[in-house]
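Coordinates from my_file-v6.pdb are shown below (PDB, C-alpha atoms and all ligand atoms).
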ATOM      1  CA  MET A 199       0.794 -17.828  28.615  1.00  0.00           C
ATOM      2  CA  LYS A 200      -2.010 -15.447  27.819  1.00  0.00           C
ATOM      3  CA  LEU A 201      -2.721 -14.330  24.258  1.00  0.00           C
ATOM      4  CA  LYS A 202      -4.358 -10.902  24.361  1.00  0.00           C
ATOM      5  CA  LYS A 203      -5.610 -10.669  20.791  1.00  0.00           C
ATOM      6  CA  ILE A 204      -4.669 -11.301  17.200  1.00  0.00           C
ATOM      7  CA  GLU A 205      -2.287  -8.424  16.570  1.00  0.00           C
ATOM      8  CA  HIS A 206      -1.943  -8.960  12.845  1.00  0.00           C
ATOM      9  CA  ILE A 207      -2.074 -11.436   9.998  1.00  0.00           C
ATOM     10  CA  GLY A 208       1.071 -11.552   7.886  1.00  0.00           C
ATOM     11  CA  ILE A 209       0.603 -12.087   4.160  1.00  0.00           C
ATOM     12  CA  ALA A 210       3.455 -12.808   1.751  1.00  0.00           C
ATOM     13  CA  VAL A 211       3.170 -10.954  -1.551  1.00  0.00           C
ATOM     14  CA  SER A 212       5.469 -10.834  -4.538  1.00  0.00           C
ATOM     15  CA  ASN A 213       4.662  -7.239  -5.480  1.00  0.00           C
ATOM     16  CA  LEU A 214       3.908  -4.866  -2.625  1.00  0.00           C
ATOM     17  CA  GLU A 215       2.652  -2.034  -4.814  1.00  0.00           C
ATOM     18  CA  GLU A 216       0.168  -4.280  -6.580  1.00  0.00           C
ATOM     19  CA  ALA A 217      -0.959  -5.795  -3.286  1.00  0.00           C
ATOM     20  CA  ILE A 218      -1.480  -2.367  -1.691  1.00  0.00           C
ATOM     21  CA  LYS A 219      -3.571  -1.374  -4.680  1.00  0.00           C
ATOM     22  CA  TYR A 220      -5.778  -4.455  -4.198  1.00  0.00           C
ATOM     23  CA  TRP A 221      -6.255  -3.923  -0.465  1.00  0.00           C
ATOM     24  CA  GLU A 222      -7.042  -0.224  -0.987  1.00  0.00           C
ATOM     25  CA  GLU A 223      -9.093  -0.219  -4.156  1.00  0.00           C
ATOM     26  CA  VAL A 224     -10.940  -3.521  -3.851  1.00  0.00           C
ATOM     27  CA  MET A 225     -11.039  -4.116  -0.103  1.00  0.00           C
ATOM     28  CA  GLY A 226     -11.402  -0.444   0.779  1.00  0.00           C
ATOM     29  CA  LEU A 227      -8.691  -0.318   3.446  1.00  0.00           C
ATOM     30  CA  LYS A 228      -6.112   2.432   3.838  1.00  0.00           C
ATOM     31  CA  CYS A 229      -2.412   1.646   4.026  1.00  0.00           C
ATOM     32  CA  TYR A 230      -1.166   3.661   7.007  1.00  0.00           C
ATOM     33  CA  ASN A 231       2.459   2.564   7.203  1.00  0.00           C
ATOM     34  CA  ILE A 232       5.140   1.222   4.871  1.00  0.00           C
ATOM     35  CA  GLU A 233       8.318   0.107   6.532  1.00  0.00           C
ATOM     36  CA  GLU A 234      11.439  -1.775   5.555  1.00  0.00           C
ATOM     37  CA  VAL A 235      12.785  -4.221   8.140  1.00  0.00           C
ATOM     38  CA  VAL A 236      16.387  -4.495   7.018  1.00  0.00           C
ATOM     39  CA  ASP A 237      17.519  -7.493   9.093  1.00  0.00           C
ATOM     40  CA  GLN A 238      14.519  -9.534   7.931  1.00  0.00           C
ATOM     41  CA  LYS A 239      15.022  -8.426   4.324  1.00  0.00           C
ATOM     42  CA  VAL A 240      11.377  -7.426   3.924  1.00  0.00           C
ATOM     43  CA  LYS A 241       9.313  -4.403   3.095  1.00  0.00           C
ATOM     44  CA  THR A 242       6.007  -4.275   4.959  1.00  0.00           C
ATOM     45  CA  ALA A 243       2.733  -2.416   4.464  1.00  0.00           C
ATOM     46  CA  PHE A 244       0.088  -2.153   7.178  1.00  0.00           C
ATOM     47  CA  PHE A 245      -3.690  -1.850   7.139  1.00  0.00           C
ATOM     48  CA  LYS A 246      -6.253  -1.937   9.941  1.00  0.00           C
ATOM     49  CA  VAL A 247      -9.439  -4.007   9.895  1.00  0.00           C
ATOM     50  CA  GLY A 248     -11.190  -3.211  13.138  1.00  0.00           C
ATOM     51  CA  ASP A 249      -8.773  -4.239  15.866  1.00  0.00           C
ATOM     52  CA  VAL A 250      -6.634  -6.463  13.679  1.00  0.00           C
ATOM     53  CA  LYS A 251      -3.902  -5.409  11.300  1.00  0.00           C
ATOM     54  CA  ILE A 252      -2.990  -6.862   7.949  1.00  0.00           C
ATOM     55  CA  GLU A 253       0.758  -6.928   7.351  1.00  0.00           C
ATOM     56  CA  LEU A 254       1.833  -7.385   3.746  1.00  0.00           C
ATOM     57  CA  LEU A 255       5.378  -8.651   3.354  1.00  0.00           C
ATOM     58  CA  GLU A 256       7.499  -8.348   0.237  1.00  0.00           C
ATOM     59  CA  ALA A 257      11.029  -9.768   0.063  1.00  0.00           C
ATOM     60  CA  THR A 258      13.791  -7.233  -0.583  1.00  0.00           C
ATOM     61  CA  SER A 259      16.329  -9.990  -1.319  1.00  0.00           C
ATOM     62  CA  THR A 260      16.232 -13.526  -2.691  1.00  0.00           C
ATOM     63  CA  GLU A 261      17.700 -14.609   0.682  1.00  0.00           C
ATOM     64  CA  SER A 262      14.646 -13.341   2.521  1.00  0.00           C
ATOM     65  CA  SER A 263      12.498 -16.010   4.183  1.00  0.00           C
ATOM     66  CA  ILE A 264       9.544 -14.415   2.369  1.00  0.00           C
ATOM     67  CA  ALA A 265      11.224 -15.118  -0.973  1.00  0.00           C
ATOM     68  CA  SER A 266      11.683 -18.807  -0.131  1.00  0.00           C
ATOM     69  CA  PHE A 267       8.135 -19.017   1.273  1.00  0.00           C
ATOM     70  CA  ILE A 268       6.676 -17.692  -2.003  1.00  0.00           C
ATOM     71  CA  GLU A 269       8.910 -19.988  -4.017  1.00  0.00           C
ATOM     72  CA  LYS A 270       7.672 -23.019  -2.074  1.00  0.00           C
ATOM     73  CA  LYS A 271       4.053 -22.150  -1.408  1.00  0.00           C
ATOM     74  CA  GLY A 272       3.184 -19.125  -3.500  1.00  0.00           C
ATOM     75  CA  GLN A 273       1.682 -15.894  -2.189  1.00  0.00           C
ATOM     76  CA  GLY A 274      -0.712 -16.061   0.717  1.00  0.00           C
ATOM     77  CA  VAL A 275      -1.123 -16.147   4.475  1.00  0.00           C
ATOM     78  CA  HIS A 276       2.351 -16.360   5.990  1.00  0.00           C
ATOM     79  CA  HIS A 277       1.861 -16.023   9.742  1.00  0.00           C
ATOM     80  CA  ILE A 278      -0.518 -15.085  12.525  1.00  0.00           C
ATOM     81  CA  ALA A 279       0.743 -12.738  15.214  1.00  0.00           C
ATOM     82  CA  PHE A 280      -0.650 -12.712  18.739  1.00  0.00           C
ATOM     83  CA  ALA A 281      -0.133  -9.913  21.230  1.00  0.00           C
ATOM     84  CA  VAL A 282       1.319 -10.941  24.592  1.00  0.00           C
ATOM     85  CA  ASP A 283       2.470  -8.868  27.571  1.00  0.00           C
ATOM     86  CA  ASN A 284       6.121  -9.833  27.306  1.00  0.00           C
ATOM     87  CA  THR A 285       7.521 -11.592  24.243  1.00  0.00           C
ATOM     88  CA  ASN A 286      10.645 -12.994  25.915  1.00  0.00           C
ATOM     89  CA  GLN A 287       8.667 -14.409  28.798  1.00  0.00           C
ATOM     90  CA  ALA A 288       6.082 -15.933  26.457  1.00  0.00           C
ATOM     91  CA  LEU A 289       8.822 -17.519  24.308  1.00  0.00           C
ATOM     92  CA  GLU A 290      10.341 -19.041  27.412  1.00  0.00           C
ATOM     93  CA  GLU A 291       6.985 -20.458  28.492  1.00  0.00           C
ATOM     94  CA  VAL A 292       6.146 -22.089  25.159  1.00  0.00           C
ATOM     95  CA  GLU A 293       9.653 -23.510  24.917  1.00  0.00           C
ATOM     96  CA  LYS A 294       9.178 -25.114  28.324  1.00  0.00           C
ATOM     97  CA  ALA A 295       5.987 -26.640  26.958  1.00  0.00           C
ATOM     98  CA  GLY A 296       8.076 -28.335  24.277  1.00  0.00           C
ATOM     99  CA  VAL A 297       7.522 -25.989  21.352  1.00  0.00           C
ATOM    100  CA  LYS A 298      10.425 -25.489  18.983  1.00  0.00           C
ATOM    101  CA  LEU A 299      11.310 -21.813  18.565  1.00  0.00           C
ATOM    102  CA  ILE A 300      12.657 -19.932  15.579  1.00  0.00           C
ATOM    103  CA  ASP A 301      13.619 -17.043  17.879  1.00  0.00           C
ATOM    104  CA  LYS A 302      14.928 -17.870  21.336  1.00  0.00           C
ATOM    105  CA  GLN A 303      15.096 -14.158  22.062  1.00  0.00           C
ATOM    106  CA  ALA A 304      12.694 -11.434  21.000  1.00  0.00           C
ATOM    107  CA  ARG A 305      13.939  -9.210  18.219  1.00  0.00           C
ATOM    108  CA  GLN A 306      12.868  -5.906  16.765  1.00  0.00           C
ATOM    109  CA  GLY A 307      10.059  -6.160  14.221  1.00  0.00           C
ATOM    110  CA  ALA A 308       8.074  -3.644  12.201  1.00  0.00           C
ATOM    111  CA  GLU A 309       6.079  -1.015  14.104  1.00  0.00           C
ATOM    112  CA  SER A 310       8.694  -1.184  16.907  1.00  0.00           C
ATOM    113  CA  LEU A 311       7.229  -4.388  18.287  1.00  0.00           C
ATOM    114  CA  LYS A 312       9.338  -6.998  20.056  1.00  0.00           C
ATOM    115  CA  ILE A 313       8.656 -10.155  18.092  1.00  0.00           C
ATOM    116  CA  GLY A 314       9.502 -13.848  18.228  1.00  0.00           C
ATOM    117  CA  PHE A 315       8.460 -16.754  16.004  1.00  0.00           C
ATOM    118  CA  LEU A 316       7.488 -20.308  16.938  1.00  0.00           C
ATOM    119  CA  HIS A 317       8.458 -23.066  14.545  1.00  0.00           C
ATOM    120  CA  PRO A 318       5.523 -24.273  12.384  1.00  0.00           C
ATOM    121  CA  LYS A 319       6.651 -27.866  12.955  1.00  0.00           C
ATOM    122  CA  SER A 320       5.592 -27.438  16.580  1.00  0.00           C
ATOM    123  CA  THR A 321       2.368 -25.548  15.878  1.00  0.00           C
ATOM    124  CA  MET A 322       0.575 -27.808  13.438  1.00  0.00           C
ATOM    125  CA  GLY A 323       1.754 -25.822  10.477  1.00  0.00           C
ATOM    126  CA  ILE A 324       0.926 -22.288  11.592  1.00  0.00           C
ATOM    127  CA  LEU A 325       3.886 -19.963  11.607  1.00  0.00           C
ATOM    128  CA  THR A 326       3.098 -18.163  14.847  1.00  0.00           C
ATOM    129  CA  GLU A 327       4.474 -14.799  15.938  1.00  0.00           C
ATOM    130  CA  LEU A 328       4.278 -13.483  19.467  1.00  0.00           C
ATOM    131  CA  CYS A 329       4.682  -9.755  19.921  1.00  0.00           C
ATOM    132  CA  SER A 330       4.625  -7.093  22.578  1.00  0.00           C
ATOM    133  CA  GLU A 331       5.211  -3.349  22.695  1.00  0.00           C
TER     134      GLU A 331
HETATM  135 ZN    ZN B 401       4.275 -10.184  11.616  1.00  0.00          ZN
END
Would it be possible to restate this file's structure as structure tokens?
Ligand code: ZN
Amino acid sequence: MKLKKIEHIGIAVSNLEEAIKYWEEVMGLKCYNIEEVVDQKVKTAFFKVGDVKIELLEATSTESSIASFIEKKGQGVHHIAFAVDNTNQALEEVEKAGVKLIDKQARQGAESLKIGFLHPKSTMGILTELCSE
């Protein structure tokens, strides 16, 4: 598998509005997209830092994985997303290498990316997302 770049860093926040304010007013970035991903029960906000994006994630339901993440670990870095050429193919390759997957098949993520997650138990604790256009 070939990772092309870090596509984005996902950050779990409990209040999206407050977090956007911080990233805009203190860090000087501009939020260019806010999007709800219904099947993941999250609302996302995107910023660009050079080539890398920051994705803020707020739970829209207590059943959201972001809600349980914050309950267990508090706010903070949630996942790192790497760009690949073909998400399904990359998932297949890492699975063959013995990595446990959260998503066996790519699904639709924010910003119309095809995304798939690797299980942090297989990645030394880093929730890893692979994504392609
Ligand atoms: Zn992500």
| field | Close residues to ligand ZN 401 (chain B) using all atoms listed in the file, limit 8 Å, as a PyMOL selection string | value | chain A and resi 206-208+253+277-279+307-308+313+327
| field | Residue nearest Val240 (chain A) among A:Ala281, A:Leu255, A:Ala304, A:Val211 (counting all atoms listed in the file) | value |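 Checking each of A:Ala281, A:Leu255, A:Ala304, A:Val211 against Val240 (chain A), counting all atoms listed in the file, the winner is A:Leu255.
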| query | Got a sec to resolve the PyMOL selection byres (((chain A and resi 247) around 12) and not hetatm) on this structure and send the residues as a ChimeraX atom specification? | reply | /A:204-207,221-222,225-230,244-246,248-253
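The closest residue to Lys241 (chain A), picked from A:Asp283, A:Asp301, A:Glu215, A:Glu223 and counting only C-alpha atoms, is A:Glu215.
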| said: Using all atoms listed in the file, which protein or nucleic acid residues come within 12 Å of Phe315 (chain A)? Drop anything in the same chain fewer than 3 positions from it, and give the result as number ranges by chain. | reply: A: 276-280, 285-286, 288-290, 292-293, 297-307, 312, 318-321, 324-329
Please determine an axis-aligned box that encloses all atoms of region 258-270 of chain A listed in the file, with 3 Å added on each side, and express its centre and edge lengths in Å to one decimal as lines of an AutoDock Vina configuration file.
center_x = 12.2
center_y = -15.1
center_z = 0.1
size_x = 17.0
size_y = 21.8
size_z = 14.2
| request: Using all atoms listed in the file, find the one residue out of A:Met322, A:Met199, A:Ala217, A:Leu254 that sits nearest to Ile232 (chain A). | output: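 Nearest to Ile232 (chain A): A:Leu254.
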| query | Pick from A:Val236, A:Val282, A:Gly272, A:Ser330: nearest to Lys203 (chain A), with all atoms listed in the file counted? | reply |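 Closest residue, counting all atoms listed in the file: A:Val282.
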| note | Residue with the minimum atom-to-atom distance to Ser266 (chain A), picked from A:Ser310, A:Lys239, A:His317, A:Asn284 with only C-alpha atoms counted, is A:Lys239
| Excluding same-chain residues fewer than 6 positions from Ile264 (chain A), what lies within 7 Å of it counting all atoms listed in the file, as a PyMOL selection string? | chain A and resi 210+256-257
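Take CA of Lys294 (chain A) and CA of Gly323 (chain A): the distance between them is 19.3 Å.
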| said: Report, in Å with one decimal, the straight-line distance from CA of Glu261 (chain A) to CA of Ala243 (chain A). | reply: 19.7 Å
| request: Grab the CA of Gln273 (chain A) to CA of Glu309 (chain A) distance for me, in Å with one decimal place. | output: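 If I compute the distance from CA of Gln273 (chain A) to CA of Glu309 (chain A), I get 22.5 Å.
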